[in-house]
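**Q** Handing you this structure, nothing more for now.
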Amino acid sequence: MTIHHDTRPTLNLIRLPNGEGLDLPGYESKGAAGMDLRAAVDDAAPLTLLPGKRALVPTGFIFEIPEGFEGQVRPRSGLAFKNGITCLNSPGTVDSDYRGEVKVLLVNLGEEPFVIERGMRIAQMVIAPVTQARVAEIAEASETVRGAGGFGSTGV
Ligand SMILES: O=c1ccn([C@H]2C[C@H](O)[C@@H](COP(=O)(O)OP(=O)(O)OP(=O)(O)O)O2)c(=O)[nH]1
Ligand SMILES: [Mg+2]
């Protein structure tokens with residue numbers, strides 16, 4: 001009999017008052033890379049995002065991102081494709097030492113106003129391993145074939 005050890009890191013969530021009654025962020029399919037984030041806007045006051053405008057949408061939770069990991073806040077492709085809604089700072093970076101409410105910076109690149117209702121799944125978060133590098137200044141960069149080529153230097 002094989003015993004499966006759950007090796008996943010634990011993401012502790014702290015529900016804030018504006019998160020009362022919201023479903024927890026979750027993975028919507030077995031293999032989902034990101035957990036969907038819900039809008040903790042007021043039930044009685046949906047947020048209307050006009051074309052060209054941006055808004056910080058609350059999630060109603062503090063996320064204790066495990067040490068050695070980051071939270072990447074990413075757009076949902078359906079909202080992007082159908083409504084022109086994306087995360088202006090995609091991927092948003094949630095640091096493992098952040099203890100404030102996670103918010104989603106949405107921008108409306110579409111042509112129509114977009115109404116954000118309470119509980120709407122407006123973005124997704126990928127939990128990914130991340131490391132900090134030790135920073136050291138040196139006099140000269142090592143030689144590489146690419147050299148300083150960038151921004152299309154390899155052609156299309
Ligand atoms: O989409 C996002 C991006 C960031 N944050 C929060 C968590 C993150 O840990 C903190 C700082 O993010 P970032 O480092 O991108 O912002 P900054 O402009 O560098 O602010 P700071 O000086 O506070 O680091 O803001 C969010 O809630 N959602
Ligand atoms: Mg920062």
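Identifiers for the structure tokens are assigned positionally: chains receive A, B, ... in sequence, residues are indexed from 1 per chain, and ligands are indexed from 1 in the order shown.
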As a PyMOL selection string, please: the residues near region 39-42 of chain A (cut-off 12 Å, only C-alpha atoms, same-chain neighbours under 2 positions excluded).
**A** chain A and resi 15-25+36-37+44-48+55-61+101-106+115-124
**Q** Next, dump the selected residues to file, keeping only C-alpha atoms, as a PDB file, in the first residue's frame.
**A**
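So the final result, stored in again31.pdb, reads:
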```pdb
ATOM      1  CA  ARG A  15     -10.248  36.208   6.744  1.00  0.00           C
ATOM      2  CA  LEU A  16     -10.809  39.964   7.127  1.00  0.00           C
ATOM      3  CA  PRO A  17     -14.161  41.538   7.990  1.00  0.00           C
ATOM      4  CA  ASN A  18     -14.779  42.388   4.329  1.00  0.00           C
ATOM      5  CA  GLY A  19     -14.149  38.722   3.498  1.00  0.00           C
ATOM      6  CA  GLU A  20     -17.078  37.472   5.618  1.00  0.00           C
ATOM      7  CA  GLY A  21     -19.132  34.915   3.717  1.00  0.00           C
ATOM      8  CA  LEU A  22     -16.779  34.652   0.732  1.00  0.00           C
ATOM      9  CA  ASP A  23     -15.691  31.226  -0.496  1.00  0.00           C
ATOM     10  CA  LEU A  24     -11.988  30.635   0.134  1.00  0.00           C
ATOM     11  CA  PRO A  25      -9.689  31.165  -2.850  1.00  0.00           C
ATOM     12  CA  ASP A  36      -8.976  31.957  -8.241  1.00  0.00           C
ATOM     13  CA  LEU A  37      -9.262  35.153  -6.222  1.00  0.00           C
ATOM     14  CA  ALA A  44     -24.725  46.424  -2.225  1.00  0.00           C
ATOM     15  CA  ALA A  45     -22.120  48.382  -4.161  1.00  0.00           C
ATOM     16  CA  PRO A  46     -20.578  46.502  -7.086  1.00  0.00           C
ATOM     17  CA  LEU A  47     -17.511  48.188  -8.570  1.00  0.00           C
ATOM     18  CA  THR A  48     -17.913  49.404 -12.158  1.00  0.00           C
ATOM     19  CA  ALA A  55      -8.902  49.773  -9.596  1.00  0.00           C
ATOM     20  CA  LEU A  56      -7.403  47.941  -6.628  1.00  0.00           C
ATOM     21  CA  VAL A  57      -9.921  45.213  -5.856  1.00  0.00           C
ATOM     22  CA  PRO A  58      -9.783  43.741  -2.331  1.00  0.00           C
ATOM     23  CA  THR A  59      -9.795  39.961  -1.795  1.00  0.00           C
ATOM     24  CA  GLY A  60     -10.849  40.016   1.876  1.00  0.00           C
ATOM     25  CA  PHE A  61      -7.916  37.897   3.019  1.00  0.00           C
ATOM     26  CA  GLU A 101      -4.834  42.339   2.489  1.00  0.00           C
ATOM     27  CA  VAL A 102      -4.060  40.956  -0.958  1.00  0.00           C
ATOM     28  CA  LYS A 103      -5.556  43.223  -3.587  1.00  0.00           C
ATOM     29  CA  VAL A 104      -5.880  42.809  -7.342  1.00  0.00           C
ATOM     30  CA  LEU A 105      -4.917  45.723  -9.584  1.00  0.00           C
ATOM     31  CA  LEU A 106      -7.362  45.382 -12.477  1.00  0.00           C
ATOM     32  CA  VAL A 115     -19.101  45.428 -13.314  1.00  0.00           C
ATOM     33  CA  ILE A 116     -17.305  43.611 -10.510  1.00  0.00           C
ATOM     34  CA  GLU A 117     -19.798  41.908  -8.182  1.00  0.00           C
ATOM     35  CA  ARG A 118     -18.978  40.547  -4.710  1.00  0.00           C
ATOM     36  CA  GLY A 119     -17.558  37.030  -4.951  1.00  0.00           C
ATOM     37  CA  MET A 120     -16.654  37.295  -8.646  1.00  0.00           C
ATOM     38  CA  ARG A 121     -13.492  35.385  -9.550  1.00  0.00           C
ATOM     39  CA  ILE A 122     -11.478  38.289 -10.921  1.00  0.00           C
ATOM     40  CA  ALA A 123      -7.929  36.936 -11.013  1.00  0.00           C
ATOM     41  CA  GLN A 124      -5.822  33.968 -10.012  1.00  0.00           C
TER      42      GLN A 124
END
```
**Q** Quick one: contact table of chain A to ligand 2, 10 Å max, nearest atom pair and distance in Å to one decimal per residue, counting only C-alpha atoms and all ligand atoms, chain and number order, as JSON lines?
**A**
```
{"residue": "A:Thr93", "atom": "CA", "partner": "ligand 2", "partner_atom_place_in_ligand_line": "1 (Mg)", "distance": 7.9}
{"residue": "A:Val94", "atom": "CA", "partner": "ligand 2", "partner_atom_place_in_ligand_line": "1 (Mg)", "distance": 8.8}
{"residue": "A:Asp95", "atom": "CA", "partner": "ligand 2", "partner_atom_place_in_ligand_line": "1 (Mg)", "distance": 7.9}
{"residue": "A:Tyr98", "atom": "CA", "partner": "ligand 2", "partner_atom_place_in_ligand_line": "1 (Mg)", "distance": 9.9}
```
**Q** Could the residues in this selection be saved with all heavy atoms as a compact mmCIF listing (two decimals), in the first residue's frame?
**A**
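Below is the file part-v2.txt, written as the result:
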```txt
# COMPACT_ATOMS: atom_id res chain seq x y z
N THR A 93 3.13 40.71 -7.50
CA THR A 93 4.03 39.94 -6.62
C THR A 93 3.58 40.08 -5.18
O THR A 93 3.55 41.19 -4.64
CB THR A 93 5.47 40.47 -6.74
OG1 THR A 93 5.86 40.42 -8.11
CG2 THR A 93 6.43 39.64 -5.89
N VAL A 94 3.19 38.95 -4.55
CA VAL A 94 2.86 38.97 -3.14
C VAL A 94 4.04 38.36 -2.39
O VAL A 94 4.36 37.19 -2.57
CB VAL A 94 1.55 38.20 -2.84
CG1 VAL A 94 1.22 38.29 -1.35
CG2 VAL A 94 0.40 38.76 -3.68
N ASP A 95 4.71 39.20 -1.60
CA ASP A 95 5.91 38.77 -0.87
C ASP A 95 5.54 37.88 0.31
O ASP A 95 4.46 38.03 0.90
CB ASP A 95 6.67 40.01 -0.34
CG ASP A 95 7.03 40.99 -1.46
OD1 ASP A 95 7.81 40.60 -2.34
OD2 ASP A 95 6.47 42.11 -1.48
N TYR A 98 4.56 39.73 3.47
CA TYR A 98 3.43 40.68 3.42
C TYR A 98 2.31 40.20 4.34
O TYR A 98 1.91 39.03 4.26
CB TYR A 98 2.92 40.79 1.98
CG TYR A 98 1.75 41.73 1.77
CD1 TYR A 98 1.88 43.09 2.00
CD2 TYR A 98 0.52 41.25 1.35
CE1 TYR A 98 0.81 43.96 1.80
CE2 TYR A 98 -0.56 42.11 1.14
CZ TYR A 98 -0.40 43.46 1.36
OH TYR A 98 -1.46 44.31 1.15
```
**Q** Compare A:Gly31, A:Gly26, A:Gly68, A:Gly52 by their minimum atom-to-atom distance to Ala133 (chain A), counting only C-alpha atoms, and give me the closest one.
**A**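 Nearest candidate to Ala133 (chain A) out of A:Gly31, A:Gly26, A:Gly68, A:Gly52: A:Gly68.
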**Q** Assign secondary structure with DSSP using the backbone only, and return the residues of region 4-137 of chain A in strand (DSSP E or B) as a ChimeraX atom specification.
**A** /A:12-15,26,35-38,47-49,54-64,69-74,85-87,92-94,101-108,114-116,121-129
**Q** To one decimal place in Å, what is the distance between CA of Glu143 (chain A) and CA of Gly155 (chain A)?
**A**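 Separation between CA of Glu143 (chain A) and CA of Gly155 (chain A): 21.1 Å.
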